[in-house]
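Report on the following structure.
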Amino acid sequence: MAKSRSNGNRNANKPTDAKLLGNAYIRAVNRATVLDLFRNGKQLSRSDISRQCDLTKPTVSAIVDSLVAEGVLKEAGMGPSDGGRRALLLEINPISSTFVGIHFGEDTTQIAVTDALGRTLAKKTADTVSENPDASMETARVLVNDALRDANLDMSHVTAAGVSVPGLVDRQTGNCKIAPNLGWHDYPISERLAALLGVDVYVANTTQTAALAEHQMGVARGLQNFVWLYVGSGVGSCAVIGGRIQLGTRGFAGEIGHCKVETPGLLCGCGKRGCLETTCSNLAIAREARKAIESGRPTALAFARKPVCAKDVSLAASEGDMVAQKIMTDAGRALGLGVSLLLNIYDPQMVVVGGPVAGTDDFFLDGLKKQAAKYSLETPGAKIVFSNLGSDIYLKGAVQMAMEKSNASYRIIKSAKTMEVEEDEWVYAKGSRL
Ligand SMILES: [Zn+2]
């Protein structure tokens, strides 16, 4: 989750007064803990906060007064009486921050401008310019400005931007090492977009932003251990273990699509052979459909007006086309082998499958579940389900990342000076959001 600016040497400003810093740190943590209670739009009284944060009432009052004075929180009227006096409720002031989310999809670039609670104020889309990341950044800049104009805002209101990209993203620099389906190589997304937009920019892989959105508002809401699995042109995963996104050393963790499962296997986009994604990605599904059509087997897919894609196969399967059903089942079974690896390694509570075909037909998921159960050692309780957040999931996750990683209102920690604790440890489990 790289950010663009303020990447200077933190130790250069490292303070020496440990006691003073310790106090600053504690204040920052307390403040962050209080704010985090409000993130989902809740209205809470000072007593509620005190109870839920295990902080004394005077401490809570000092923090709340300061947040209200800054305009981050606002009063929301009196709460119901529980037998005693009615208490004054507080909530996040929606206009205290504006966030931008950007998703560079394989075909479409999506932009959202949101309020401080992550609620969408305006949205724009355009075709992604593949092979030309500079042009894609410029497209994003234009869309962001258009969306801001629609929301009667401008860049001066924006706190931070979060970016989702289907490729390997270096967590320290925000550089995209490679995005094969976009044709991008070693491209400094974070730096370029920050220069164009003039705000901090945080960049992550699409599976990572999707996992964050799923954890915040999807089927994995609140789960401590789950794996989010993308099936599109490629296959990738992001594990959340103990409430932490597993990024790996550089941010490249989760590339299960490039684990070898066949020998010698078909040539993969990565240049190697026999990778998991050559057996079950959307490209693999479309390839098998073409083979079925060429073989002359009776299937509605033969009458497609354009080159057949995975979504067509999935839809045909759900309409009762047996050739399509077999293709989807076989692809699901092939992916099930990969999922069995995830189950054995992570022992998750849930595996959430997302991507263009998620939710369309049952054959893919049934094949997946059966094969995962067959090859994993022990799977009781590990639910395998489709994501239900749709194609906006990456955008929602990008916004969420910007909210959680950005300014002093939310990611308070970085405002105190001891915070090598930091930022790159993306923790958002309840009660440990540091
Ligand atoms: Zn590969």
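Residues are referred to by chain and number: the chain letter is A, B, ... according to the order shown in the structure tokens, the number counts from 1 in that chain, and ligands are numbered separately from 1 in the order shown.
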Given only C-alpha atoms and all ligand atoms, how would the per-residue table for chain A near ligand 1 read, listing every residue at most 6 Å away with its closest atom pair and distance in Å to one decimal, sorted by chain and number, as a tab-separated table?
residue	atom	partner	partner_atom_place_in_ligand_line	distance
A:His258	CA	ligand 1	1 (Zn)	3.9
A:Cys268	CA	ligand 1	1 (Zn)	4.6
A:Gly269	CA	ligand 1	1 (Zn)	5.7
A:Cys270	CA	ligand 1	1 (Zn)	4.3
A:Lys272	CA	ligand 1	1 (Zn)	5.4
A:Cys275	CA	ligand 1	1 (Zn)	4.7
Selected residues, N, CA and C atoms, written as a tab-separated table (two decimals), in the first residue's frame, please.
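To be explicit, this is the file written out as out_31.tsv:
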chain	number	residue	atom	x	y	z
A	258	HIS	N	-0.14	-18.34	-10.65
A	258	HIS	CA	1.11	-18.74	-11.32
A	258	HIS	C	1.81	-19.87	-10.59
A	268	CYS	N	1.59	-19.85	-20.24
A	268	CYS	CA	0.88	-18.83	-19.46
A	268	CYS	C	1.34	-17.44	-19.89
A	269	GLY	N	0.55	-16.43	-19.56
A	269	GLY	CA	0.92	-15.06	-19.87
A	269	GLY	C	2.21	-14.63	-19.20
A	270	CYS	N	2.59	-15.33	-18.13
A	270	CYS	CA	3.82	-14.99	-17.40
A	270	CYS	C	5.05	-15.55	-18.08
A	272	LYS	N	5.74	-18.83	-18.31
A	272	LYS	CA	5.99	-20.20	-17.87
A	272	LYS	C	4.83	-21.10	-18.35
A	275	CYS	N	0.72	-23.08	-15.40
A	275	CYS	CA	0.24	-22.29	-14.26
A	275	CYS	C	-1.26	-22.56	-14.04
If DSSP is run on the backbone, what residues of stretch 54-152 of chain A are helix (DSSP H, G or I)? A reply as an NGL selection string would be ideal.
:A and (57-70 or 94-96 or 133-150)
To one decimal in Å, tell me the separation between atom CA of A:Val199 and atom CA of A:Thr98.
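Rounded to one decimal, the two atoms are 11.2 Å apart.
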Residue neighbourhood A:Arg51, 10 Å, only C-alpha atoms, exclusion window fewer than 6 positions, as a list in words
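After dropping sequence-adjacent residues, the list is Ser45, Lys57 and Val60 of chain A.
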Spatial neighbours of A:Leu88, max dist 9 Å, only C-alpha atoms, sep filter under 3 positions, as a PDB file with N, CA and C atoms, in the first residue's frame:
ATOM      1  N   LEU A  44     -22.831   7.878  18.064  1.00  0.00           N
ATOM      2  CA  LEU A  44     -22.476   7.398  19.406  1.00  0.00           C
ATOM      3  C   LEU A  44     -22.397   8.558  20.384  1.00  0.00           C
ATOM      4  N   SER A  45     -22.719   8.266  21.641  1.00  0.00           N
ATOM      5  CA  SER A  45     -22.551   9.269  22.694  1.00  0.00           C
ATOM      6  C   SER A  45     -21.159   9.119  23.310  1.00  0.00           C
ATOM      7  N   ARG A  46     -20.781  10.076  24.131  1.00  0.00           N
ATOM      8  CA  ARG A  46     -19.490   9.984  24.809  1.00  0.00           C
ATOM      9  C   ARG A  46     -19.425   8.729  25.689  1.00  0.00           C
ATOM     10  N   GLU A  75     -22.149  17.109  15.961  1.00  0.00           N
ATOM     11  CA  GLU A  75     -23.245  16.679  16.830  1.00  0.00           C
ATOM     12  C   GLU A  75     -24.410  16.192  15.977  1.00  0.00           C
ATOM     13  N   ALA A  76     -25.093  15.135  16.485  1.00  0.00           N
ATOM     14  CA  ALA A  76     -26.165  14.518  15.695  1.00  0.00           C
ATOM     15  C   ALA A  76     -27.453  14.417  16.496  1.00  0.00           C
ATOM     16  N   GLY A  77     -27.685  15.337  17.399  1.00  0.00           N
ATOM     17  CA  GLY A  77     -28.935  15.338  18.170  1.00  0.00           C
ATOM     18  C   GLY A  77     -28.850  14.453  19.399  1.00  0.00           C
ATOM     19  N   MET A  78     -29.980  14.383  20.106  1.00  0.00           N
ATOM     20  CA  MET A  78     -30.012  13.627  21.354  1.00  0.00           C
ATOM     21  C   MET A  78     -30.417  12.177  21.086  1.00  0.00           C
ATOM     22  N   GLY A  79     -29.768  11.261  21.779  1.00  0.00           N
ATOM     23  CA  GLY A  79     -30.098   9.847  21.645  1.00  0.00           C
ATOM     24  C   GLY A  79     -31.307   9.495  22.492  1.00  0.00           C
TER      25      GLY A  79
END
Figure out the distance between atom CA of A:Pro180 and atom CA of A:Leu168, please, to one decimal in Å.
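Spanning atom CA of A:Leu168 to atom CA of A:Pro180 is a straight-line distance of 9.2 Å.
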Among stretch 204-396 of chain A, which ones does DSSP place in strand (DSSP E or B), written as an NGL selection string?
:A and (204-205 or 226-231 or 235-241 or 244-245 or 260 or 267 or 273 or 275 or 350-354 or 383-386)
For the residues selected in the previous step, produce a file with N, CA and C atoms as a PDB file, in the first residue's frame.
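That gives us out-v1.pdb:
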ATOM      1  N   ALA A 204      -2.618  -0.345  -4.607  1.00  0.00           N
ATOM      2  CA  ALA A 204      -2.583  -1.760  -4.238  1.00  0.00           C
ATOM      3  C   ALA A 204      -3.109  -2.607  -5.389  1.00  0.00           C
ATOM      4  N   ASN A 205      -2.778  -3.866  -5.309  1.00  0.00           N
ATOM      5  CA  ASN A 205      -3.285  -4.851  -6.260  1.00  0.00           C
ATOM      6  C   ASN A 205      -4.801  -5.005  -6.099  1.00  0.00           C
ATOM      7  N   PHE A 226      -9.748 -15.020   6.094  1.00  0.00           N
ATOM      8  CA  PHE A 226     -10.381 -15.443   4.844  1.00  0.00           C
ATOM      9  C   PHE A 226      -9.434 -15.188   3.685  1.00  0.00           C
ATOM     10  N   VAL A 227      -9.764 -15.796   2.550  1.00  0.00           N
ATOM     11  CA  VAL A 227      -8.975 -15.571   1.335  1.00  0.00           C
ATOM     12  C   VAL A 227      -9.908 -15.049   0.261  1.00  0.00           C
ATOM     13  N   TRP A 228      -9.525 -13.970  -0.383  1.00  0.00           N
ATOM     14  CA  TRP A 228     -10.295 -13.446  -1.512  1.00  0.00           C
ATOM     15  C   TRP A 228      -9.608 -13.916  -2.783  1.00  0.00           C
ATOM     16  N   LEU A 229     -10.393 -14.527  -3.663  1.00  0.00           N
ATOM     17  CA  LEU A 229      -9.816 -15.172  -4.845  1.00  0.00           C
ATOM     18  C   LEU A 229     -10.413 -14.552  -6.098  1.00  0.00           C
ATOM     19  N   TYR A 230      -9.560 -14.008  -6.922  1.00  0.00           N
ATOM     20  CA  TYR A 230     -10.034 -13.384  -8.174  1.00  0.00           C
ATOM     21  C   TYR A 230      -9.924 -14.369  -9.326  1.00  0.00           C
ATOM     22  N   VAL A 231     -10.996 -14.460 -10.105  1.00  0.00           N
ATOM     23  CA  VAL A 231     -10.943 -15.237 -11.341  1.00  0.00           C
ATOM     24  C   VAL A 231     -11.415 -14.338 -12.478  1.00  0.00           C
ATOM     25  N   VAL A 235      -5.760 -15.263 -12.464  1.00  0.00           N
ATOM     26  CA  VAL A 235      -6.240 -15.749 -11.168  1.00  0.00           C
ATOM     27  C   VAL A 235      -5.270 -15.252 -10.105  1.00  0.00           C
ATOM     28  N   GLY A 236      -5.814 -14.655  -9.049  1.00  0.00           N
ATOM     29  CA  GLY A 236      -4.952 -14.169  -7.971  1.00  0.00           C
ATOM     30  C   GLY A 236      -5.695 -14.237  -6.660  1.00  0.00           C
ATOM     31  N   SER A 237      -4.975 -14.130  -5.566  1.00  0.00           N
ATOM     32  CA  SER A 237      -5.632 -14.232  -4.265  1.00  0.00           C
ATOM     33  C   SER A 237      -5.047 -13.214  -3.291  1.00  0.00           C
ATOM     34  N   CYS A 238      -5.801 -12.948  -2.244  1.00  0.00           N
ATOM     35  CA  CYS A 238      -5.289 -12.121  -1.153  1.00  0.00           C
ATOM     36  C   CYS A 238      -5.800 -12.731   0.143  1.00  0.00           C
ATOM     37  N   ALA A 239      -4.895 -13.095   1.013  1.00  0.00           N
ATOM     38  CA  ALA A 239      -5.283 -13.688   2.294  1.00  0.00           C
ATOM     39  C   ALA A 239      -5.345 -12.605   3.360  1.00  0.00           C
ATOM     40  N   VAL A 240      -6.379 -12.687   4.185  1.00  0.00           N
ATOM     41  CA  VAL A 240      -6.485 -11.839   5.376  1.00  0.00           C
ATOM     42  C   VAL A 240      -6.415 -12.796   6.571  1.00  0.00           C
ATOM     43  N   ILE A 241      -5.377 -12.683   7.340  1.00  0.00           N
ATOM     44  CA  ILE A 241      -5.164 -13.599   8.454  1.00  0.00           C
ATOM     45  C   ILE A 241      -5.010 -12.790   9.732  1.00  0.00           C
ATOM     46  N   ARG A 244      -5.249  -9.137   9.256  1.00  0.00           N
ATOM     47  CA  ARG A 244      -4.203  -8.447   8.501  1.00  0.00           C
ATOM     48  C   ARG A 244      -4.156  -8.942   7.067  1.00  0.00           C
ATOM     49  N   ILE A 245      -4.087  -7.987   6.152  1.00  0.00           N
ATOM     50  CA  ILE A 245      -3.857  -8.355   4.761  1.00  0.00           C
ATOM     51  C   ILE A 245      -2.430  -8.871   4.635  1.00  0.00           C
ATOM     52  N   LYS A 260       2.422 -23.761 -10.447  1.00  0.00           N
ATOM     53  CA  LYS A 260       2.371 -24.788 -11.503  1.00  0.00           C
ATOM     54  C   LYS A 260       1.503 -25.951 -11.048  1.00  0.00           C
ATOM     55  N   LEU A 267       1.115 -22.706 -22.202  1.00  0.00           N
ATOM     56  CA  LEU A 267       1.906 -21.496 -21.980  1.00  0.00           C
ATOM     57  C   LEU A 267       1.047 -20.438 -21.288  1.00  0.00           C
ATOM     58  N   ARG A 273       4.956 -22.383 -18.058  1.00  0.00           N
ATOM     59  CA  ARG A 273       3.935 -23.332 -18.505  1.00  0.00           C
ATOM     60  C   ARG A 273       3.247 -24.000 -17.327  1.00  0.00           C
ATOM     61  N   CYS A 275       0.720 -23.084 -15.400  1.00  0.00           N
ATOM     62  CA  CYS A 275       0.238 -22.293 -14.258  1.00  0.00           C
ATOM     63  C   CYS A 275      -1.259 -22.556 -14.036  1.00  0.00           C
ATOM     64  N   MET A 350     -13.240 -18.676   5.408  1.00  0.00           N
ATOM     65  CA  MET A 350     -14.022 -18.507   4.179  1.00  0.00           C
ATOM     66  C   MET A 350     -13.090 -18.263   2.994  1.00  0.00           C
ATOM     67  N   VAL A 351     -13.494 -18.743   1.826  1.00  0.00           N
ATOM     68  CA  VAL A 351     -12.844 -18.346   0.579  1.00  0.00           C
ATOM     69  C   VAL A 351     -13.915 -17.635  -0.243  1.00  0.00           C
ATOM     70  N   VAL A 352     -13.647 -16.397  -0.614  1.00  0.00           N
ATOM     71  CA  VAL A 352     -14.606 -15.610  -1.391  1.00  0.00           C
ATOM     72  C   VAL A 352     -14.102 -15.525  -2.826  1.00  0.00           C
ATOM     73  N   VAL A 353     -14.929 -15.968  -3.771  1.00  0.00           N
ATOM     74  CA  VAL A 353     -14.531 -15.963  -5.177  1.00  0.00           C
ATOM     75  C   VAL A 353     -15.190 -14.776  -5.883  1.00  0.00           C
ATOM     76  N   GLY A 354     -14.372 -13.940  -6.489  1.00  0.00           N
ATOM     77  CA  GLY A 354     -14.894 -12.775  -7.203  1.00  0.00           C
ATOM     78  C   GLY A 354     -14.346 -12.718  -8.618  1.00  0.00           C
ATOM     79  N   LYS A 383     -16.138 -21.995   4.418  1.00  0.00           N
ATOM     80  CA  LYS A 383     -17.163 -21.755   3.400  1.00  0.00           C
ATOM     81  C   LYS A 383     -16.485 -21.269   2.118  1.00  0.00           C
ATOM     82  N   ILE A 384     -17.020 -21.695   0.978  1.00  0.00           N
ATOM     83  CA  ILE A 384     -16.526 -21.189  -0.306  1.00  0.00           C
ATOM     84  C   ILE A 384     -17.720 -20.548  -1.004  1.00  0.00           C
ATOM     85  N   VAL A 385     -17.660 -19.254  -1.175  1.00  0.00           N
ATOM     86  CA  VAL A 385     -18.826 -18.507  -1.674  1.00  0.00           C
ATOM     87  C   VAL A 385     -18.396 -17.495  -2.734  1.00  0.00           C
ATOM     88  N   PHE A 386     -19.357 -17.066  -3.532  1.00  0.00           N
ATOM     89  CA  PHE A 386     -19.112 -15.971  -4.462  1.00  0.00           C
ATOM     90  C   PHE A 386     -19.202 -14.631  -3.723  1.00  0.00           C
TER      91      PHE A 386
END
With distances taken over only C-alpha atoms, which of A:Glu404, A:Ala135, A:Pro188, A:Thr59 is nearest to A:Asp36?
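Result for the nearest residue to A:Asp36: A:Glu404.
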Sort by chain and increasing residue number a table of all residues of stretch 285-322 of chain A within 9 Å of stretch 363-366 of chain A, each with its closest pair of atoms and their distance in Å to one decimal, counting only C-alpha atoms, and write it as CSV.
residue,atom,partner,partner_atom,distance
A:Ser314,CA,A:Phe364,CA,8.1
A:Ala317,CA,A:Phe363,CA,7.5
A:Ser318,CA,A:Phe363,CA,8.1
Using only C-alpha atoms: which of A:Ser164, A:Lys42, A:Gln172, A:Glu255 has the shortest distance to A:Leu212
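When distances to A:Leu212 are compared using only C-alpha atoms, the smallest one comes from A:Ser164.
Closest approach to A:Ala398 among A:His157, A:Lys123, A:Arg171, A:His103 is made by A:His103 (distances from only C-alpha atoms).
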Residues within 10 Å of A:His215, please, as a PDB file with N, CA and C atoms, in the first residue's frame. Count only C-alpha atoms; anything in the same chain fewer than 4 positions from it doesn't count.
ATOM      1  N   THR A 209      -7.331  -4.710  -2.687  1.00  0.00           N
ATOM      2  CA  THR A 209      -8.418  -3.746  -2.465  1.00  0.00           C
ATOM      3  C   THR A 209      -9.757  -4.479  -2.344  1.00  0.00           C
ATOM      4  N   ALA A 210      -9.914  -5.561  -3.138  1.00  0.00           N
ATOM      5  CA  ALA A 210     -11.162  -6.325  -3.060  1.00  0.00           C
ATOM      6  C   ALA A 210     -11.311  -6.974  -1.684  1.00  0.00           C
ATOM      7  N   ALA A 211     -10.216  -7.527  -1.172  1.00  0.00           N
ATOM      8  CA  ALA A 211     -10.267  -8.168   0.148  1.00  0.00           C
ATOM      9  C   ALA A 211     -10.645  -7.142   1.216  1.00  0.00           C
ATOM     10  N   VAL A 219     -19.384 -10.238   2.083  1.00  0.00           N
ATOM     11  CA  VAL A 219     -19.725 -11.486   2.769  1.00  0.00           C
ATOM     12  C   VAL A 219     -18.708 -11.859   3.847  1.00  0.00           C
ATOM     13  N   ALA A 220     -17.506 -11.286   3.767  1.00  0.00           N
ATOM     14  CA  ALA A 220     -16.485 -11.605   4.778  1.00  0.00           C
ATOM     15  C   ALA A 220     -16.416 -10.522   5.855  1.00  0.00           C
ATOM     16  N   ARG A 221     -17.454  -9.727   5.933  1.00  0.00           N
ATOM     17  CA  ARG A 221     -17.457  -8.603   6.880  1.00  0.00           C
ATOM     18  C   ARG A 221     -17.107  -9.076   8.294  1.00  0.00           C
ATOM     19  N   GLY A 222     -16.044  -8.503   8.821  1.00  0.00           N
ATOM     20  CA  GLY A 222     -15.665  -8.781  10.196  1.00  0.00           C
ATOM     21  C   GLY A 222     -14.903 -10.078  10.407  1.00  0.00           C
ATOM     22  N   LEU A 223     -14.734 -10.899   9.354  1.00  0.00           N
ATOM     23  CA  LEU A 223     -14.007 -12.158   9.555  1.00  0.00           C
ATOM     24  C   LEU A 223     -12.516 -11.884   9.770  1.00  0.00           C
ATOM     25  N   GLN A 224     -11.911 -12.672  10.623  1.00  0.00           N
ATOM     26  CA  GLN A 224     -10.479 -12.508  10.888  1.00  0.00           C
ATOM     27  C   GLN A 224      -9.618 -13.235   9.854  1.00  0.00           C
ATOM     28  N   ASN A 225     -10.115 -14.380   9.363  1.00  0.00           N
ATOM     29  CA  ASN A 225      -9.312 -15.203   8.450  1.00  0.00           C
ATOM     30  C   ASN A 225     -10.120 -15.579   7.210  1.00  0.00           C
ATOM     31  N   PHE A 226      -9.748 -15.020   6.094  1.00  0.00           N
ATOM     32  CA  PHE A 226     -10.381 -15.443   4.844  1.00  0.00           C
ATOM     33  C   PHE A 226      -9.434 -15.188   3.685  1.00  0.00           C
ATOM     34  N   TRP A 228      -9.525 -13.970  -0.383  1.00  0.00           N
ATOM     35  CA  TRP A 228     -10.295 -13.446  -1.512  1.00  0.00           C
ATOM     36  C   TRP A 228      -9.608 -13.916  -2.783  1.00  0.00           C
ATOM     37  N   VAL A 240      -6.379 -12.687   4.185  1.00  0.00           N
ATOM     38  CA  VAL A 240      -6.485 -11.839   5.376  1.00  0.00           C
ATOM     39  C   VAL A 240      -6.415 -12.796   6.571  1.00  0.00           C
ATOM     40  N   GLY A 243      -6.973 -10.639  10.727  1.00  0.00           N
ATOM     41  CA  GLY A 243      -7.369  -9.266  10.422  1.00  0.00           C
ATOM     42  C   GLY A 243      -6.340  -8.498   9.620  1.00  0.00           C
ATOM     43  N   GLY A 397     -12.882  -0.774  -2.466  1.00  0.00           N
ATOM     44  CA  GLY A 397     -11.691  -1.086  -1.673  1.00  0.00           C
ATOM     45  C   GLY A 397     -10.637   0.004  -1.787  1.00  0.00           C
ATOM     46  N   TYR A 428      -6.664  -3.903  10.159  1.00  0.00           N
ATOM     47  CA  TYR A 428      -7.957  -3.256  10.365  1.00  0.00           C
ATOM     48  C   TYR A 428      -8.909  -4.148  11.125  1.00  0.00           C
ATOM     49  N   ALA A 429      -8.365  -5.092  11.863  1.00  0.00           N
ATOM     50  CA  ALA A 429      -9.235  -5.906  12.698  1.00  0.00           C
ATOM     51  C   ALA A 429      -9.812  -5.026  13.791  1.00  0.00           C
TER      52      ALA A 429
END
Distance criterion (only C-alpha atoms): nearest to A:Gly338 out of A:Ser391, A:Ser281, A:Thr128, A:Thr109:
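Of A:Ser391, A:Ser281, A:Thr128, A:Thr109, the one nearest A:Gly338 is A:Ser281, counting only C-alpha atoms.
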When distances are computed from only C-alpha atoms, which of A:Ile111, A:Thr120, A:Val163, A:Gly105 shows the smallest separation from A:Leu182?
A:Gly105
Please indicate the distance in Å from atom CA of A:Arg192 to atom CA of A:Gly390, rounded to one decimal place.
28.6 Å
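Among A:Thr249, A:Ser81, A:Ser96, A:Ser233, the residue with the shortest atom-to-atom distance to A:Arg287, counting only C-alpha atoms, is A:Ser233.
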